[in-house]
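This is upload_26.json (JSON, C-alpha atoms and all ligand atoms).
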```
[["chain", "number", "residue", "atom", "x", "y", "z"],
["F", 1, "MET", "CA", -7.44, -14.26, -7.00],
["F", 2, "PRO", "CA", -8.63, -12.78, -3.68],
["F", 3, "GLU", "CA", -10.90, -9.76, -3.72],
["F", 4, "VAL", "CA", -8.54, -7.89, -1.39],
["F", 5, "LEU", "CA", -4.76, -8.07, -1.86],
["F", 6, "GLU", "CA", -2.85, -8.32, 1.41],
["F", 7, "LEU", "CA", 0.42, -6.42, 0.97],
["F", 8, "ILE", "CA", 3.47, -6.02, 3.18],
["F", 9, "ALA", "CA", 4.78, -2.44, 3.39],
["F", 10, "LEU", "CA", 8.46, -2.49, 4.33],
["F", 11, "SER", "CA", 10.38, 0.63, 5.25],
["F", 12, "GLY", "CA", 14.11, 0.77, 4.61],
["F", 13, "SER", "CA", 14.53, 3.33, 7.38],
["F", 14, "LEU", "CA", 14.81, 2.79, 11.12],
["F", 15, "ARG", "CA", 14.35, 6.48, 11.91],
["F", 16, "ALA", "CA", 11.30, 7.42, 14.00],
["F", 17, "GLY", "CA", 10.73, 10.49, 11.82],
["F", 18, "SER", "CA", 11.40, 8.64, 8.57],
["F", 19, "TYR", "CA", 9.98, 10.18, 5.39],
["F", 20, "ASN", "CA", 9.93, 6.73, 3.84],
["F", 21, "THR", "CA", 7.87, 5.25, 6.64],
["F", 22, "ALA", "CA", 5.59, 8.29, 6.28],
["F", 23, "LEU", "CA", 4.95, 7.32, 2.64],
["F", 24, "LEU", "CA", 3.97, 3.82, 3.75],
["F", 25, "ARG", "CA", 1.73, 5.11, 6.54],
["F", 26, "ALA", "CA", -0.18, 7.11, 3.94],
["F", 27, "LEU", "CA", -0.86, 4.09, 1.71],
["F", 28, "PRO", "CA", -4.16, 2.97, 3.31],
["F", 29, "GLU", "CA", -5.60, 6.48, 2.88],
["F", 30, "LEU", "CA", -4.58, 6.63, -0.77],
["F", 31, "ALA", "CA", -5.21, 3.08, -1.95],
["F", 32, "PRO", "CA", -8.42, 1.50, -3.22],
["F", 33, "ALA", "CA", -10.29, -0.64, -0.65],
["F", 34, "THR", "CA", -9.07, -3.72, -2.54],
["F", 35, "LEU", "CA", -5.53, -3.24, -1.17],
["F", 36, "ARG", "CA", -4.71, -3.83, 2.50],
["F", 37, "PHE", "CA", -1.31, -3.06, 4.02],
["F", 38, "THR", "CA", 0.63, -4.41, 6.98],
["F", 39, "LEU", "CA", 3.60, -2.27, 7.94],
["F", 40, "ARG", "CA", 6.75, -4.28, 8.69],
["F", 41, "THR", "CA", 10.13, -3.20, 9.97],
["F", 42, "ILE", "CA", 13.74, -4.22, 9.47],
["F", 43, "ALA", "CA", 14.43, -3.39, 13.14],
["F", 44, "GLY", "CA", 16.11, -6.20, 15.07],
["F", 45, "ILE", "CA", 17.70, -7.88, 12.05],
["F", 46, "PRO", "CA", 21.39, -8.50, 12.81],
["F", 47, "VAL", "CA", 24.20, -7.83, 10.36],
["F", 48, "TYR", "CA", 24.54, -10.84, 8.09],
["F", 49, "ASN", "CA", 27.35, -13.21, 9.01],
["F", 50, "GLY", "CA", 27.59, -16.60, 7.28],
["F", 51, "ASP", "CA", 29.16, -18.17, 10.36],
["F", 52, "ASP", "CA", 26.18, -17.12, 12.51],
["F", 53, "GLU", "CA", 23.83, -18.52, 9.87],
["F", 54, "ASP", "CA", 25.73, -21.85, 9.81],
["F", 55, "ALA", "CA", 25.69, -22.03, 13.61],
["F", 56, "HIS", "CA", 22.18, -20.80, 14.40],
["F", 57, "GLY", "CA", 20.16, -20.66, 11.15],
["F", 58, "LEU", "CA", 17.95, -17.68, 10.40],
["F", 59, "PRO", "CA", 17.41, -15.19, 13.25],
["F", 60, "ASP", "CA", 13.83, -14.90, 14.55],
["F", 61, "ALA", "CA", 13.41, -11.39, 13.13],
["F", 62, "VAL", "CA", 14.33, -12.69, 9.67],
["F", 63, "VAL", "CA", 11.98, -15.66, 9.89],
["F", 64, "THR", "CA", 9.15, -13.34, 10.93],
["F", 65, "LEU", "CA", 9.79, -10.94, 8.05],
["F", 66, "ARG", "CA", 10.33, -13.52, 5.33],
["F", 67, "THR", "CA", 7.27, -15.51, 6.39],
["F", 68, "ALA", "CA", 5.11, -12.39, 6.31],
["F", 69, "ILE", "CA", 6.41, -11.51, 2.84],
["F", 70, "ARG", "CA", 5.93, -15.05, 1.47],
["F", 71, "GLN", "CA", 2.38, -15.21, 2.83],
["F", 72, "SER", "CA", 1.45, -11.83, 1.34],
["F", 73, "ASP", "CA", 0.05, -11.11, -2.11],
["F", 74, "GLY", "CA", 2.83, -8.59, -2.72],
["F", 75, "LEU", "CA", 5.44, -6.31, -1.24],
["F", 76, "VAL", "CA", 5.89, -2.55, -1.24],
["F", 77, "ILE", "CA", 9.35, -1.28, -0.22],
["F", 78, "ALA", "CA", 10.07, 2.37, 0.62],
["F", 79, "THR", "CA", 13.78, 2.95, 0.34],
["F", 80, "PRO", "CA", 15.86, 5.92, 1.46],
["F", 81, "GLU", "CA", 19.02, 6.74, -0.50],
["F", 82, "TYR", "CA", 22.38, 6.64, 1.24],
["F", 83, "ASN", "CA", 25.41, 7.70, -0.80],
["F", 84, "ASN", "CA", 23.61, 7.01, -4.06],
["F", 85, "GLY", "CA", 22.63, 3.50, -3.04],
["F", 86, "VAL", "CA", 20.35, 1.28, -1.00],
["F", 87, "PRO", "CA", 20.91, 1.85, 2.75],
["F", 88, "GLY", "CA", 22.93, -0.96, 4.32],
["F", 89, "PRO", "CA", 20.24, -2.02, 6.81],
["F", 90, "LEU", "CA", 17.68, -2.57, 4.04],
["F", 91, "LYS", "CA", 20.12, -4.42, 1.78],
["F", 92, "ASN", "CA", 21.17, -6.52, 4.77],
["F", 93, "ALA", "CA", 17.54, -7.45, 5.52],
["F", 94, "LEU", "CA", 16.96, -8.46, 1.89],
["F", 95, "ASP", "CA", 20.18, -10.49, 1.89],
["F", 96, "TRP", "CA", 18.96, -12.41, 4.95],
["F", 97, "CYS", "CA", 15.56, -12.93, 3.33],
["F", 98, "SER", "CA", 17.26, -14.42, 0.25],
["F", 99, "ARG", "CA", 18.83, -17.28, 2.23],
["F", 100, "PRO", "CA", 17.51, -20.89, 2.17],
["F", 101, "PRO", "CA", 15.25, -22.73, 2.72],
["F", 102, "GLU", "CA", 13.91, -22.32, -0.82],
["F", 103, "PRO", "CA", 11.79, -20.72, -1.98],
["F", 104, "HIS", "CA", 13.36, -17.82, -0.14],
["F", 105, "GLY", "CA", 11.45, -14.82, 1.18],
["F", 106, "LEU", "CA", 10.94, -12.82, -2.01],
["F", 107, "ASP", "CA", 11.11, -15.51, -4.70],
["F", 108, "GLY", "CA", 8.24, -14.74, -7.09],
["F", 109, "VAL", "CA", 6.72, -12.07, -4.84],
["F", 110, "PRO", "CA", 5.56, -9.05, -6.89],
["F", 111, "THR", "CA", 7.25, -5.97, -5.48],
["F", 112, "ALA", "CA", 6.70, -2.25, -5.94],
["F", 113, "ILE", "CA", 9.20, 0.31, -4.73],
["F", 114, "LEU", "CA", 9.01, 3.97, -3.83],
["F", 115, "GLY", "CA", 11.19, 6.36, -1.91],
["F", 116, "ALA", "CA", 11.66, 9.77, -0.34],
["F", 117, "SER", "CA", 14.73, 11.83, 0.39],
["F", 118, "ASP", "CA", 15.53, 15.38, 1.34],
["F", 119, "GLY", "CA", 17.52, 15.77, -1.88],
["F", 120, "VAL", "CA", 15.97, 16.76, -5.20],
["F", 121, "ILE", "CA", 15.94, 13.45, -7.09],
["F", 122, "GLY", "CA", 13.97, 11.55, -4.49],
["F", 123, "THR", "CA", 15.92, 8.25, -4.31],
["F", 124, "ALA", "CA", 16.18, 7.70, -8.09],
["F", 125, "ARG", "CA", 19.62, 6.15, -7.66],
["F", 126, "SER", "CA", 18.79, 3.90, -4.72],
["F", 127, "GLN", "CA", 15.60, 2.71, -6.41],
["F", 128, "HIS", "CA", 17.65, 1.81, -9.48],
["F", 129, "ALA", "CA", 20.12, -0.12, -7.31],
["F", 130, "LEU", "CA", 17.28, -1.82, -5.42],
["F", 131, "ARG", "CA", 15.85, -3.05, -8.72],
["F", 132, "GLN", "CA", 19.13, -4.86, -9.40],
["F", 133, "THR", "CA", 18.90, -6.65, -6.07],
["F", 134, "LEU", "CA", 15.29, -7.61, -6.75],
["F", 135, "VAL", "CA", 16.38, -9.17, -10.06],
["F", 136, "ALA", "CA", 18.78, -11.41, -8.12],
["F", 137, "LEU", "CA", 15.91, -12.33, -5.79],
["F", 138, "ASN", "CA", 13.58, -13.26, -8.69],
["F", 139, "ALA", "CA", 11.03, -10.76, -7.38],
["F", 140, "PRO", "CA", 9.02, -9.31, -10.30],
["F", 141, "THR", "CA", 9.31, -5.53, -9.89],
["F", 142, "PHE", "CA", 6.82, -2.85, -10.93],
["F", 143, "THR", "CA", 8.46, -0.46, -13.38],
["F", 144, "LEU", "CA", 6.57, 2.75, -14.22],
["F", 145, "PRO", "CA", 5.49, 5.21, -13.04],
["F", 146, "GLN", "CA", 8.05, 5.73, -10.30],
["F", 147, "VAL", "CA", 7.34, 7.45, -6.99],
["F", 148, "LEU", "CA", 10.40, 9.65, -6.40],
["F", 149, "VAL", "CA", 9.65, 12.03, -3.55],
["F", 150, "GLY", "CA", 12.32, 14.74, -3.41],
["F", 151, "ARG", "CA", 12.50, 17.57, -0.84],
["F", 152, "ALA", "CA", 10.56, 15.29, 1.49],
["F", 153, "GLN", "CA", 11.10, 17.65, 4.43],
["F", 154, "THR", "CA", 8.58, 19.99, 2.76],
["F", 155, "LYS", "CA", 6.03, 17.24, 2.12],
["F", 156, "VAL", "CA", 5.85, 15.42, 5.44],
["F", 157, "ASP", "CA", 4.75, 17.31, 8.55],
["F", 158, "ALA", "CA", 6.17, 17.10, 12.07],
["F", 159, "ALA", "CA", 3.68, 14.35, 12.94],
["F", 160, "GLY", "CA", 4.95, 12.20, 10.06],
["F", 161, "ARG", "CA", 1.94, 12.76, 7.80],
["F", 162, "LEU", "CA", 2.35, 13.06, 4.05],
["F", 163, "ILE", "CA", 0.71, 16.43, 3.45],
["F", 164, "ASP", "CA", 1.79, 17.28, -0.09],
["F", 165, "GLU", "CA", -1.35, 17.11, -2.23],
["F", 166, "SER", "CA", 0.39, 16.54, -5.55],
["F", 167, "THR", "CA", 2.38, 13.62, -4.10],
["F", 168, "ARG", "CA", -0.77, 12.16, -2.57],
["F", 169, "SER", "CA", -2.63, 12.45, -5.84],
["F", 170, "PHE", "CA", 0.27, 10.91, -7.79],
["F", 171, "MET", "CA", 0.47, 8.02, -5.35],
["F", 172, "LYS", "CA", -3.27, 7.36, -5.71],
["F", 173, "GLY", "CA", -2.80, 6.82, -9.45],
["F", 174, "TRP", "CA", 0.35, 4.81, -8.82],
["F", 175, "LEU", "CA", -1.49, 2.47, -6.46],
["F", 176, "LEU", "CA", -4.18, 1.77, -9.05],
["F", 177, "GLU", "CA", -1.46, 0.78, -11.54],
["F", 178, "VAL", "CA", 0.39, -1.27, -8.92],
["F", 179, "GLU", "CA", -2.76, -3.21, -8.04],
["F", 180, "ARG", "CA", -3.57, -3.96, -11.69],
["F", 181, "TRP", "CA", 0.01, -5.19, -12.18],
["F", 182, "MET", "CA", 0.20, -7.22, -8.96],
["F", 183, "ARG", "CA", -2.93, -9.14, -9.88],
["F", 184, "ARG", "CA", -0.93, -10.67, -12.74],
["F", 185, "PHE", "CA", 1.11, -12.60, -10.13],
["F", 186, "PRO", "CA", -1.37, -14.62, -8.06],
["F", 187, "LYS", "CA", 0.06, -16.18, -4.92],
["F", 188, "SER", "CA", -1.51, -19.53, -5.91],
["F", 189, "GLU", "CA", 0.89, -19.73, -8.89],
["F", 190, "ARG", "CA", 3.97, -19.15, -6.74],
["F", 191, "LEU", "CA", 6.12, -21.90, -5.24],
["F", 192, "PRO", "CA", 4.66, -22.60, -1.77],
["G", 201, "LIG", "C1", 24.73, 8.11, 5.29],
["G", 201, "LIG", "C2", 23.71, 8.95, 4.54],
["G", 201, "LIG", "C3", 23.88, 9.13, 3.18],
["G", 201, "LIG", "C4", 22.94, 9.87, 2.47],
["G", 201, "LIG", "N1", 23.06, 9.95, 1.10],
["G", 201, "LIG", "C5", 22.06, 10.52, 0.38],
["G", 201, "LIG", "C6", 22.05, 10.44, -1.05],
["G", 201, "LIG", "O1", 22.94, 9.87, -1.67],
["G", 201, "LIG", "N2", 21.03, 11.00, -1.71],
["G", 201, "LIG", "C7", 19.96, 11.61, -1.06],
["G", 201, "LIG", "O2", 19.06, 12.10, -1.71],
["G", 201, "LIG", "N3", 19.95, 11.70, 0.30],
["G", 201, "LIG", "C8", 20.95, 11.16, 1.02],
["G", 201, "LIG", "N4", 20.92, 11.19, 2.39],
["G", 201, "LIG", "C9", 19.84, 11.93, 3.06],
["G", 201, "LIG", "C10", 18.60, 11.06, 3.23],
["G", 201, "LIG", "O3", 17.86, 11.14, 2.04],
["G", 201, "LIG", "C11", 17.77, 11.57, 4.39],
["G", 201, "LIG", "O4", 18.51, 11.38, 5.58],
["G", 201, "LIG", "C12", 16.42, 10.88, 4.48],
["G", 201, "LIG", "O5", 15.67, 11.57, 5.43],
["G", 201, "LIG", "C13", 16.55, 9.42, 4.88],
["G", 201, "LIG", "O6", 15.34, 8.74, 4.78],
["G", 201, "LIG", "P1", 14.33, 8.57, 6.02],
["G", 201, "LIG", "O7", 13.74, 9.93, 6.29],
["G", 201, "LIG", "O8", 13.28, 7.62, 5.54],
["G", 201, "LIG", "O9", 15.09, 8.05, 7.19],
["G", 201, "LIG", "C14", 21.86, 10.48, 3.14],
["G", 201, "LIG", "C15", 21.72, 10.30, 4.53],
["G", 201, "LIG", "C16", 22.64, 9.54, 5.22],
["G", 201, "LIG", "C17", 22.44, 9.32, 6.70]]
```

Write out the structure in this file as structure tokens.
Ligand SMILES: Cc1cc2nc3c(=O)[nH]c(=O)nc-3n(C[C@H](O)[C@H](O)[C@H](O)COP(=O)(O)O)c2cc1C
Amino acid sequence: MPEVLELIALSGSLRAGSYNTALLRALPELAPATLRFTLRTIAGIPVYNGDDEDAHGLPDAVVTLRTAIRQSDGLVIATPEYNNGVPGPLKNALDWCSRPPEPHGLDGVPTAILGASDGVIGTARSQHALRQTLVALNAPTFTLPQVLVGRAQTKVDAAGRLIDESTRSFMKGWLLEVERWMRRFPKSERLP
């Protein structure tokens, strides 16, 4: 097991002022030095169409993302909540990543999820739905505690910095638990 875990941090939002991306940007400040994060985006991933896949294979943006995830020690996904569920662009990106060749992008990759919304329950419903998708992808998923950041507009400043001290403190503890859990799934024991 490496001393430092290299994790991919994937935002489910394309918005420049995204609260979810703000959570991910704060991770390096809140995490122990034994976790390192690379922020990745779902930007540029086309809407899935099986005919396009048959004709052209995986788009470059999908290959880039799924390779980065497979080569990482683990994945952290920050999901917004749209109409009680996982936003279409994020689900679409995960659907692309689940396509052959096997093992697909997330197969066996330990994954932790968190989320922020301007509502009061902080993406509880979309995180629940995302867990169901991760079951289908055979991605072991961290369970508790959950990071549910409600009223995010009061916790992220205009520069996109997570400024709410209680959220920052909670996430510090969460990251310690996530690291302990992720170390149970060494990359060397995954299908190559
Ligand atoms: C189509 C749409 C549906 C939404 N549905 C919900 C919802 O069900 N629950 C919720 O808490 N917020 C909902 N929101 C508000 C989002 O939480 C808010 O836009 C949030 O800022 C999105 O995340 P982001 O800041 O990372 O882009 C919705 C927003 C959009 C655009």

Expected answer as JSON, numbers by chain: residues within 12 Å of ligand LIG 201 (chain G), only C-alpha atoms and all ligand atoms: {"F": [10, 11, 12, 13, 14, 15, 16, 17, 18, 19, 20, 21, 22, 23, 24, 25, 77, 78, 79, 80, 81, 82, 83, 84, 85, 86, 87, 88, 89, 90, 114, 115, 116, 117, 118, 119, 120, 121, 122, 123, 124, 125, 126, 127, 129, 148, 149, 150, 151, 152, 153, 154, 155, 156, 157, 158, 160]}

Sphere at (0.4, -10.4, 1.5), radius 12 Å, counting all atoms listed in the file: residues as a ChimeraX atom specification: /F:2,4-10,35-40,65-76,105-106,109-111,182-183,185-188

Interatomic distance (Å, one decimal) between CA of Leu144 in chain F and CA of Ser166 in chain F: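 So the two atoms, CA of Leu144 in chain F and CA of Ser166 in chain F, lie 17.4 Å apart.
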
For CA of Pro145 in chain F and CA of Glu189 in chain F, the interatomic separation in Å (one decimal): 25.7 Å

Between CA of Ser98 in chain F and CA of Leu137 in chain F, distance in Å (one decimal):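 A separation of 6.5 Å between them.
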
Nearby residues, (9.5, -4.1, -16.3) file frame, 12 Å, all atoms listed in the file, as a CSV table (one decimal) with C-alpha atoms, keeping the file's coordinate frame:
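Result saved to point16.csv:
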```csv
chain,number,residue,atom,x,y,z
F,110,PRO,CA,5.6,-9.0,-6.9
F,111,THR,CA,7.2,-6.0,-5.5
F,112,ALA,CA,6.7,-2.2,-5.9
F,131,ARG,CA,15.8,-3.0,-8.7
F,132,GLN,CA,19.1,-4.9,-9.4
F,134,LEU,CA,15.3,-7.6,-6.8
F,135,VAL,CA,16.4,-9.2,-10.1
F,139,ALA,CA,11.0,-10.8,-7.4
F,140,PRO,CA,9.0,-9.3,-10.3
F,141,THR,CA,9.3,-5.5,-9.9
F,142,PHE,CA,6.8,-2.8,-10.9
F,143,THR,CA,8.5,-0.5,-13.4
F,144,LEU,CA,6.6,2.8,-14.2
F,145,PRO,CA,5.5,5.2,-13.0
F,146,GLN,CA,8.0,5.7,-10.3
F,181,TRP,CA,0.0,-5.2,-12.2
```

Residue among F:Ala26, F:Met1, F:Thr64, F:Arg99 lying closest to Gly50 in chain F, counting only C-alpha atoms: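 For Gly50 in chain F, the nearest of the candidates is F:Arg99.
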
Listed atoms of range 2-19 of chain F boxed along x, y and z, 8 Å each side, centre and edge lengths in Å, one decimal, as JSON:
```
{"center_x": 2.0, "center_y": -1.1, "center_z": 5.1, "size_x": 41.7, "size_y": 39.3, "size_z": 33.7}
```
